[in-house]
>>> print(open('coords_0.cif').read())   # mmCIF, C-alpha atoms
data_coords
#
loop_
_atom_site.label_atom_id
_atom_site.label_comp_id
_atom_site.auth_asym_id
_atom_site.auth_seq_id
_atom_site.Cartn_x
_atom_site.Cartn_y
_atom_site.Cartn_z
CA GLU A 1 23.66 12.80 2.32
CA ASP A 2 21.18 10.19 1.13
CA GLN A 3 19.62 10.96 -2.27
CA VAL A 4 16.90 9.32 -4.31
CA THR A 5 16.11 10.20 -7.93
CA GLN A 6 13.18 8.68 -9.77
CA SER A 7 12.69 8.64 -13.53
CA PRO A 8 10.75 9.32 -15.56
CA GLU A 9 8.63 11.91 -13.72
CA ALA A 10 5.61 10.79 -15.72
CA LEU A 11 4.88 7.81 -17.93
CA ARG A 12 1.93 7.06 -20.14
CA LEU A 13 1.39 3.47 -21.30
CA GLN A 14 -1.19 1.66 -23.34
CA GLU A 15 -2.87 -1.24 -21.58
CA GLY A 16 -0.63 -4.28 -22.02
CA GLU A 17 2.49 -2.22 -22.83
CA SER A 18 5.20 -3.31 -20.38
CA SER A 19 7.76 -0.84 -19.03
CA SER A 20 10.07 -0.03 -16.11
CA LEU A 21 10.38 2.76 -13.58
CA ASN A 22 13.82 3.69 -12.28
CA CYS A 23 15.00 4.67 -8.81
CA SER A 24 18.65 5.75 -8.50
CA TYR A 25 20.00 6.19 -5.02
CA THR A 26 23.02 7.10 -2.95
CA VAL A 27 22.96 6.12 0.69
CA SER A 28 25.35 5.55 3.53
CA GLY A 29 24.82 1.89 4.39
CA LEU A 30 21.62 0.68 2.74
CA ARG A 31 19.20 -0.74 5.30
CA GLY A 32 16.30 -1.09 2.88
CA LEU A 33 14.84 0.19 -0.38
CA PHE A 34 11.08 0.61 -0.44
CA TRP A 35 8.48 0.94 -3.17
CA TYR A 36 5.09 2.47 -2.48
CA ARG A 37 2.03 3.13 -4.60
CA GLN A 38 0.02 6.32 -4.02
CA ASP A 39 -3.43 6.95 -5.44
CA PRO A 40 -4.79 10.53 -5.64
CA GLY A 41 -6.01 11.77 -2.27
CA LYS A 42 -4.66 8.74 -0.39
CA GLY A 43 -1.62 7.80 1.64
CA PRO A 44 1.28 5.77 0.23
CA GLU A 45 0.54 2.04 0.14
CA PHE A 46 3.45 -0.31 0.76
CA LEU A 47 4.47 -2.57 -2.12
CA PHE A 48 7.98 -4.00 -1.60
CA THR A 49 11.10 -3.86 0.52
CA LEU A 50 14.48 -4.87 -0.94
CA TYR A 51 17.51 -5.26 1.27
CA SER A 52 20.49 -6.30 -0.87
CA ALA A 53 21.74 -6.15 -4.45
CA GLY A 54 20.37 -8.96 -6.57
CA GLU A 55 17.16 -9.27 -4.62
CA GLU A 56 13.88 -9.39 -6.53
CA LYS A 57 10.25 -9.36 -5.39
CA GLU A 58 7.03 -9.79 -7.32
CA LYS A 59 3.39 -8.99 -6.77
CA GLU A 60 0.87 -9.53 -9.54
CA ARG A 61 2.07 -7.46 -12.53
CA LEU A 62 4.85 -5.72 -10.55
CA LYS A 63 8.42 -6.86 -10.07
CA ALA A 64 11.04 -4.92 -8.15
CA THR A 65 14.77 -5.44 -8.57
CA LEU A 66 17.78 -3.96 -6.81
CA THR A 67 21.41 -3.24 -7.71
CA LYS A 68 24.02 -1.33 -5.71
CA LYS A 69 23.04 1.95 -7.36
CA GLU A 70 19.45 1.63 -8.51
CA SER A 71 16.17 -0.20 -8.34
CA PHE A 72 13.68 -0.91 -11.08
CA LEU A 73 9.96 -1.45 -10.82
CA HIS A 74 8.95 -3.52 -13.83
CA ILE A 75 5.30 -3.43 -14.83
CA THR A 76 4.22 -6.30 -17.05
CA ALA A 77 1.08 -5.97 -19.18
CA PRO A 78 -0.29 -3.06 -17.13
CA LYS A 79 -3.98 -2.40 -16.69
CA PRO A 80 -5.72 0.97 -16.17
CA GLU A 81 -6.05 0.18 -12.45
CA ASP A 82 -2.24 0.28 -12.20
CA SER A 83 -2.41 4.03 -12.80
CA ALA A 84 -0.95 5.77 -9.74
CA THR A 85 2.16 7.53 -8.50
CA TYR A 86 4.94 5.13 -7.54
CA LEU A 87 7.32 6.26 -4.81
CA CYS A 88 10.77 4.95 -4.02
CA ALA A 89 12.48 5.46 -0.66
CA VAL A 90 15.73 4.39 0.97
CA GLY A 91 16.74 3.88 4.57
CA GLY A 92 20.38 4.14 5.56
CA ASN A 93 22.58 4.23 8.59
CA SER A 94 21.39 7.68 9.64
CA GLY A 95 18.53 6.32 11.71
CA TYR A 96 14.92 5.36 11.24
CA ALA A 97 13.94 8.01 8.71
CA LEU A 98 13.35 7.21 5.05
CA ASN A 99 14.48 9.42 2.18
CA PHE A 100 11.86 9.58 -0.58
CA GLY A 101 12.12 10.31 -4.27
CA LYS A 102 9.63 12.62 -5.95
CA GLY A 103 7.78 9.74 -7.59
CA THR A 104 6.78 8.59 -11.06
CA SER A 105 3.22 9.29 -12.14
CA LEU A 106 1.98 6.38 -14.24
CA LEU A 107 -1.08 6.55 -16.47
CA VAL A 108 -2.29 3.41 -18.21
CA THR A 109 -4.88 3.97 -20.91
CA PRO A 110 -7.30 1.34 -22.27
CA ASP B 111 -7.72 -4.94 11.68
CA ALA B 112 -4.87 -2.76 12.90
CA GLU B 113 -4.66 0.58 11.20
CA ILE B 114 -3.37 4.13 11.29
CA THR B 115 -5.84 7.00 11.23
CA GLN B 116 -5.50 10.75 10.88
CA SER B 117 -7.88 13.53 11.76
CA PRO B 118 -9.15 15.82 10.53
CA ARG B 119 -8.89 14.77 6.88
CA HIS B 120 -9.31 18.36 5.73
CA LYS B 121 -8.65 21.58 7.63
CA ILE B 122 -8.81 25.26 6.75
CA THR B 123 -7.25 27.70 9.19
CA GLU B 124 -5.99 31.25 9.33
CA THR B 125 -2.44 32.53 9.56
CA GLY B 126 -1.24 32.72 13.14
CA ARG B 127 -3.62 30.17 14.60
CA GLN B 128 -2.42 27.07 16.44
CA VAL B 129 -3.43 23.83 14.72
CA THR B 130 -3.10 20.23 15.90
CA LEU B 131 -3.28 17.26 13.58
CA ALA B 132 -4.00 13.89 15.15
CA CYS B 133 -2.42 10.54 14.32
CA HIS B 134 -3.49 7.26 15.95
CA GLN B 135 -2.19 3.76 15.23
CA THR B 136 -3.42 0.45 16.58
CA TRP B 137 -0.42 -1.68 15.57
CA ASN B 138 1.42 -0.96 18.81
CA HIS B 139 4.37 0.25 16.73
CA ASN B 140 7.24 1.94 18.54
CA ASN B 141 8.21 4.33 15.75
CA MET B 142 5.98 7.10 14.41
CA PHE B 143 6.71 9.75 11.79
CA TRP B 144 5.21 12.91 10.36
CA TYR B 145 5.82 13.91 6.73
CA ARG B 146 4.57 16.69 4.53
CA GLN B 147 4.03 16.25 0.79
CA ASP B 148 4.25 19.15 -1.64
CA LEU B 149 4.41 19.28 -5.42
CA GLY B 150 8.00 19.18 -6.57
CA HIS B 151 9.35 18.06 -3.21
CA GLY B 152 8.01 14.62 -2.53
CA LEU B 153 7.64 13.46 1.07
CA ARG B 154 9.75 15.34 3.61
CA LEU B 155 10.22 14.34 7.24
CA ILE B 156 9.00 16.80 9.89
CA HIS B 157 9.36 14.97 13.21
CA TYR B 158 9.65 11.40 14.40
CA SER B 159 9.47 9.40 17.61
CA TYR B 160 11.09 6.11 18.59
CA GLY B 161 8.85 5.61 21.60
CA VAL B 162 6.98 7.21 24.48
CA GLN B 163 8.55 10.50 25.59
CA ASP B 164 11.00 10.41 22.66
CA THR B 165 10.81 12.99 19.85
CA ASN B 166 13.29 14.08 17.18
CA LYS B 167 13.47 16.79 14.54
CA GLY B 168 13.42 15.94 10.87
CA GLU B 169 14.41 17.81 7.74
CA VAL B 170 11.65 20.47 7.89
CA SER B 171 10.80 20.83 11.59
CA ASP B 172 10.70 24.64 11.96
CA GLY B 173 7.25 25.79 13.09
CA TYR B 174 6.13 22.29 14.12
CA SER B 175 6.19 20.33 17.36
CA VAL B 176 5.20 16.84 18.52
CA SER B 177 4.78 15.05 21.81
CA ARG B 178 4.48 11.33 22.53
CA SER B 179 2.63 10.47 25.73
CA ASN B 180 1.55 6.96 24.71
CA THR B 181 2.41 4.37 22.07
CA GLU B 182 -0.67 4.91 19.92
CA ASP B 183 -0.66 8.68 19.31
CA LEU B 184 1.68 11.32 17.87
CA PRO B 185 -0.11 14.66 17.45
CA LEU B 186 1.54 17.30 15.26
CA THR B 187 1.13 20.93 16.33
CA LEU B 188 1.66 23.97 14.15
CA GLU B 189 2.42 26.63 16.75
CA SER B 190 1.46 29.62 14.57
CA ALA B 191 0.24 28.53 11.17
CA ALA B 192 1.82 30.12 8.10
CA SER B 193 0.79 30.00 4.45
CA SER B 194 3.99 28.08 3.71
CA GLN B 195 2.58 25.25 5.84
CA THR B 196 -0.27 24.65 3.41
CA SER B 197 0.37 21.04 2.47
CA VAL B 198 -0.75 17.45 2.77
CA TYR B 199 0.44 15.84 5.99
CA PHE B 200 1.02 12.12 6.41
CA CYS B 201 1.61 10.14 9.54
CA ALA B 202 3.43 6.80 9.40
CA SER B 203 4.53 4.11 11.81
CA SER B 204 6.99 1.20 11.88
CA GLU B 205 7.42 -1.64 14.30
CA SER B 206 10.92 -2.37 15.40
CA THR B 207 13.17 -0.85 18.01
CA ALA B 208 16.20 -2.53 16.45
CA GLY B 209 15.67 -2.58 12.70
CA GLY B 210 16.33 1.07 12.08
CA SER B 211 15.48 2.46 8.68
CA GLY B 212 15.18 -1.06 7.25
CA GLU B 213 11.74 -1.34 8.78
CA THR B 214 8.71 -0.81 6.59
CA GLN B 215 6.69 2.31 7.36
CA TYR B 216 2.91 2.21 7.01
CA PHE B 217 1.10 5.42 6.19
CA GLY B 218 -2.16 7.01 7.20
CA PRO B 219 -4.65 8.55 4.74
CA GLY B 220 -3.34 12.10 5.16
CA THR B 221 -4.63 15.50 6.29
CA ARG B 222 -5.00 18.25 3.72
CA LEU B 223 -4.29 21.60 5.41
CA LEU B 224 -4.97 25.02 3.91
CA VAL B 225 -3.63 28.09 5.72
CA LEU B 226 -5.26 31.33 4.57
#
>>> encode(input="coords_0.cif", output="structure tokens")
Amino acid sequence: EDQVTQSPEALRLQEGESSSLNCSYTVSGLRGLFWYRQDPGKGPEFLFTLYSAGEEKEKERLKATLTKKESFLHITAPKPEDSATYLCAVGGNSGYALNFGKGTSLLVTP
Amino acid sequence: DAEITQSPRHKITETGRQVTLACHQTWNHNNMFWYRQDLGHGLRLIHYSYGVQDTNKGEVSDGYSVSRSNTEDLPLTLESAASSQTSVYFCASSESTAGGSGETQYFGPGTRLLVL
């Protein structure tokens, strides 16, 4: 059975203090690993898709990396507007459905 | 711009009533999904559809049903609402018929449902 574990559950950073969020996964035949951002009261907003170990993608202050067992979302010099819950999900050989982790709640203070 | 919309955004109902949540997408995507999101559980799949007239059960499908009569819409029906179905419901869609779970899913804004 596909499993996704995100850590930490919550993270508080000072503005400018870089850090990383972790997503550990087990999946039968990885088709894709996805990162989403979710603001309170809104739907998940797509950030990145990674398909194979060694792949990296960047967007502004965010960089996602992938190994065979985990993915990291690196946040460089975060700003208060980066505060949100970040969700990780994997898709495997079982079909079209994604398996989501419980998310990491990030708070960036000025 | 193409988008995915959900209605209503908020709903209060009573135990035992039938409730239908609407989901409409203008991307012409083949695949559509319904999830529920609860504290401590993350997003869990309720039902999904790969195309018109196709529907499939997800992880938490008991008490829910869907039907797909066109590409754009996948309404979710709670046959007899229960307090355990109080949750936030998200609809999502993805494009490909061949890419499987490697295709990116795009989410709607959600419907917050309270069952009293």
>>> closest_atom_pairs(input="coords_0.cif", of="range 11-109 of chain A", to="range 129-152 of chain B", cutoff="8 Å", atoms="all atoms listed in the file", output="Markdown table")
| residue | atom | partner | partner_atom | distance |
| --- | --- | --- | --- | --- |
| A:Phe100 | CA | B:Gly152 | CA | 6.6 |
| A:Gly101 | CA | B:Gly152 | CA | 6.2 |
| A:Lys102 | CA | B:Gly152 | CA | 4.3 |
| A:Gly103 | CA | B:Gly152 | CA | 7.0 |
>>> residues_around(input="coords_0.cif", residues="range 189-194 of chain B", least_positions_apart="4", cutoff="9 Å", atoms="all atoms listed in the file", output="number ranges by chain")
B: 123-130, 173-175, 224-226
>>> resolve_selection(input="coords_0.cif", expression="the PyMOL selection byres ((chain A) within 9 of (chain B))", output="list in words")
Leu30, Arg31, Gly32, Leu33, Phe34, Gly41, Lys42, Gly43, Pro44, Glu45, Phe46, Phe48, Thr49, Tyr51, Leu87, Val90, Gly91, Gly92, Asn93, Ser94, Gly95, Tyr96, Ala97, Leu98, Asn99, Phe100, Gly101, Lys102 and Gly103 of chain A
>>> write_last_selection(input="coords_0.cif", atoms="C-alpha atoms", output="PDB file, keeping the file's coordinate frame")
ATOM      1  CA  LEU A  30      21.620   0.680   2.740  1.00  0.00           C
ATOM      2  CA  ARG A  31      19.200  -0.740   5.300  1.00  0.00           C
ATOM      3  CA  GLY A  32      16.300  -1.090   2.880  1.00  0.00           C
ATOM      4  CA  LEU A  33      14.840   0.190  -0.380  1.00  0.00           C
ATOM      5  CA  PHE A  34      11.080   0.610  -0.440  1.00  0.00           C
ATOM      6  CA  GLY A  41      -6.010  11.770  -2.270  1.00  0.00           C
ATOM      7  CA  LYS A  42      -4.660   8.740  -0.390  1.00  0.00           C
ATOM      8  CA  GLY A  43      -1.620   7.800   1.640  1.00  0.00           C
ATOM      9  CA  PRO A  44       1.280   5.770   0.230  1.00  0.00           C
ATOM     10  CA  GLU A  45       0.540   2.040   0.140  1.00  0.00           C
ATOM     11  CA  PHE A  46       3.450  -0.310   0.760  1.00  0.00           C
ATOM     12  CA  PHE A  48       7.980  -4.000  -1.600  1.00  0.00           C
ATOM     13  CA  THR A  49      11.100  -3.860   0.520  1.00  0.00           C
ATOM     14  CA  TYR A  51      17.510  -5.260   1.270  1.00  0.00           C
ATOM     15  CA  LEU A  87       7.320   6.260  -4.810  1.00  0.00           C
ATOM     16  CA  VAL A  90      15.730   4.390   0.970  1.00  0.00           C
ATOM     17  CA  GLY A  91      16.740   3.880   4.570  1.00  0.00           C
ATOM     18  CA  GLY A  92      20.380   4.140   5.560  1.00  0.00           C
ATOM     19  CA  ASN A  93      22.580   4.230   8.590  1.00  0.00           C
ATOM     20  CA  SER A  94      21.390   7.680   9.640  1.00  0.00           C
ATOM     21  CA  GLY A  95      18.530   6.320  11.710  1.00  0.00           C
ATOM     22  CA  TYR A  96      14.920   5.360  11.240  1.00  0.00           C
ATOM     23  CA  ALA A  97      13.940   8.010   8.710  1.00  0.00           C
ATOM     24  CA  LEU A  98      13.350   7.210   5.050  1.00  0.00           C
ATOM     25  CA  ASN A  99      14.480   9.420   2.180  1.00  0.00           C
ATOM     26  CA  PHE A 100      11.860   9.580  -0.580  1.00  0.00           C
ATOM     27  CA  GLY A 101      12.120  10.310  -4.270  1.00  0.00           C
ATOM     28  CA  LYS A 102       9.630  12.620  -5.950  1.00  0.00           C
ATOM     29  CA  GLY A 103       7.780   9.740  -7.590  1.00  0.00           C
TER      30      GLY A 103
END
>>> atom_distance(input="coords_0.cif", atom1="CA of Glu55 in chain A", atom2="CA of Tyr36 in chain A")
17.0 Å
>>> atom_distance(input="coords_0.cif", atom1="CA of Asp2 in chain A", atom2="CA of Ser28 in chain A")
6.7 Å
>>> residues_around(input="coords_0.cif", residues="Leu73 in chain A", least_positions_apart="6", cutoff="8 Å", atoms="all atoms listed in the file", output="PyMOL selection string")
chain A and resi 20-22+62-65
>>> atom_distance(input="coords_0.cif", atom1="CA of Pro78 in chain A", atom2="CA of Glu15 in chain A")
5.5 Å
>>> closest_residue(input="coords_0.cif", among="A:Glu9, A:Glu70, A:Asp39, A:Glu58", to="Val27 in chain A", atoms="all atoms listed in the file")
A:Glu70
>>> resolve_selection(input="coords_0.cif", expression="the PyMOL selection byres ((chain A and resi 53) around 6)", output="PyMOL selection string")
chain A and resi 52+54-55+66-68
>>> closest_residue(input="coords_0.cif", among="A:Ala89, A:Ser71, A:Trp35, A:Gln14", to="Lys59 in chain A", atoms="only C-alpha atoms")
A:Trp35
>>> closest_residue(input="coords_0.cif", among="B:Glu205, B:Asp183, B:Asn166, B:Thr196", to="Ser117 in chain B", atoms="only C-alpha atoms")
B:Asp183
>>> residues_around(input="coords_0.cif", residues="Ala77 in chain A", least_positions_apart="3", cutoff="7 Å", atoms="all atoms listed in the file", output="VMD selection string")
chain A and resid 15 to 18 61
>>> closest_residue(input="coords_0.cif", among="A:Ser7, A:Thr104, A:Thr26, A:Thr109", to="Tyr86 in chain A", atoms="only C-alpha atoms")
A:Thr104
>>> closest_residue(input="coords_0.cif", among="A:Ser19, A:Tyr25, A:Ile75, A:Cys88", to="Glu60 in chain A", atoms="all atoms listed in the file")
A:Ile75
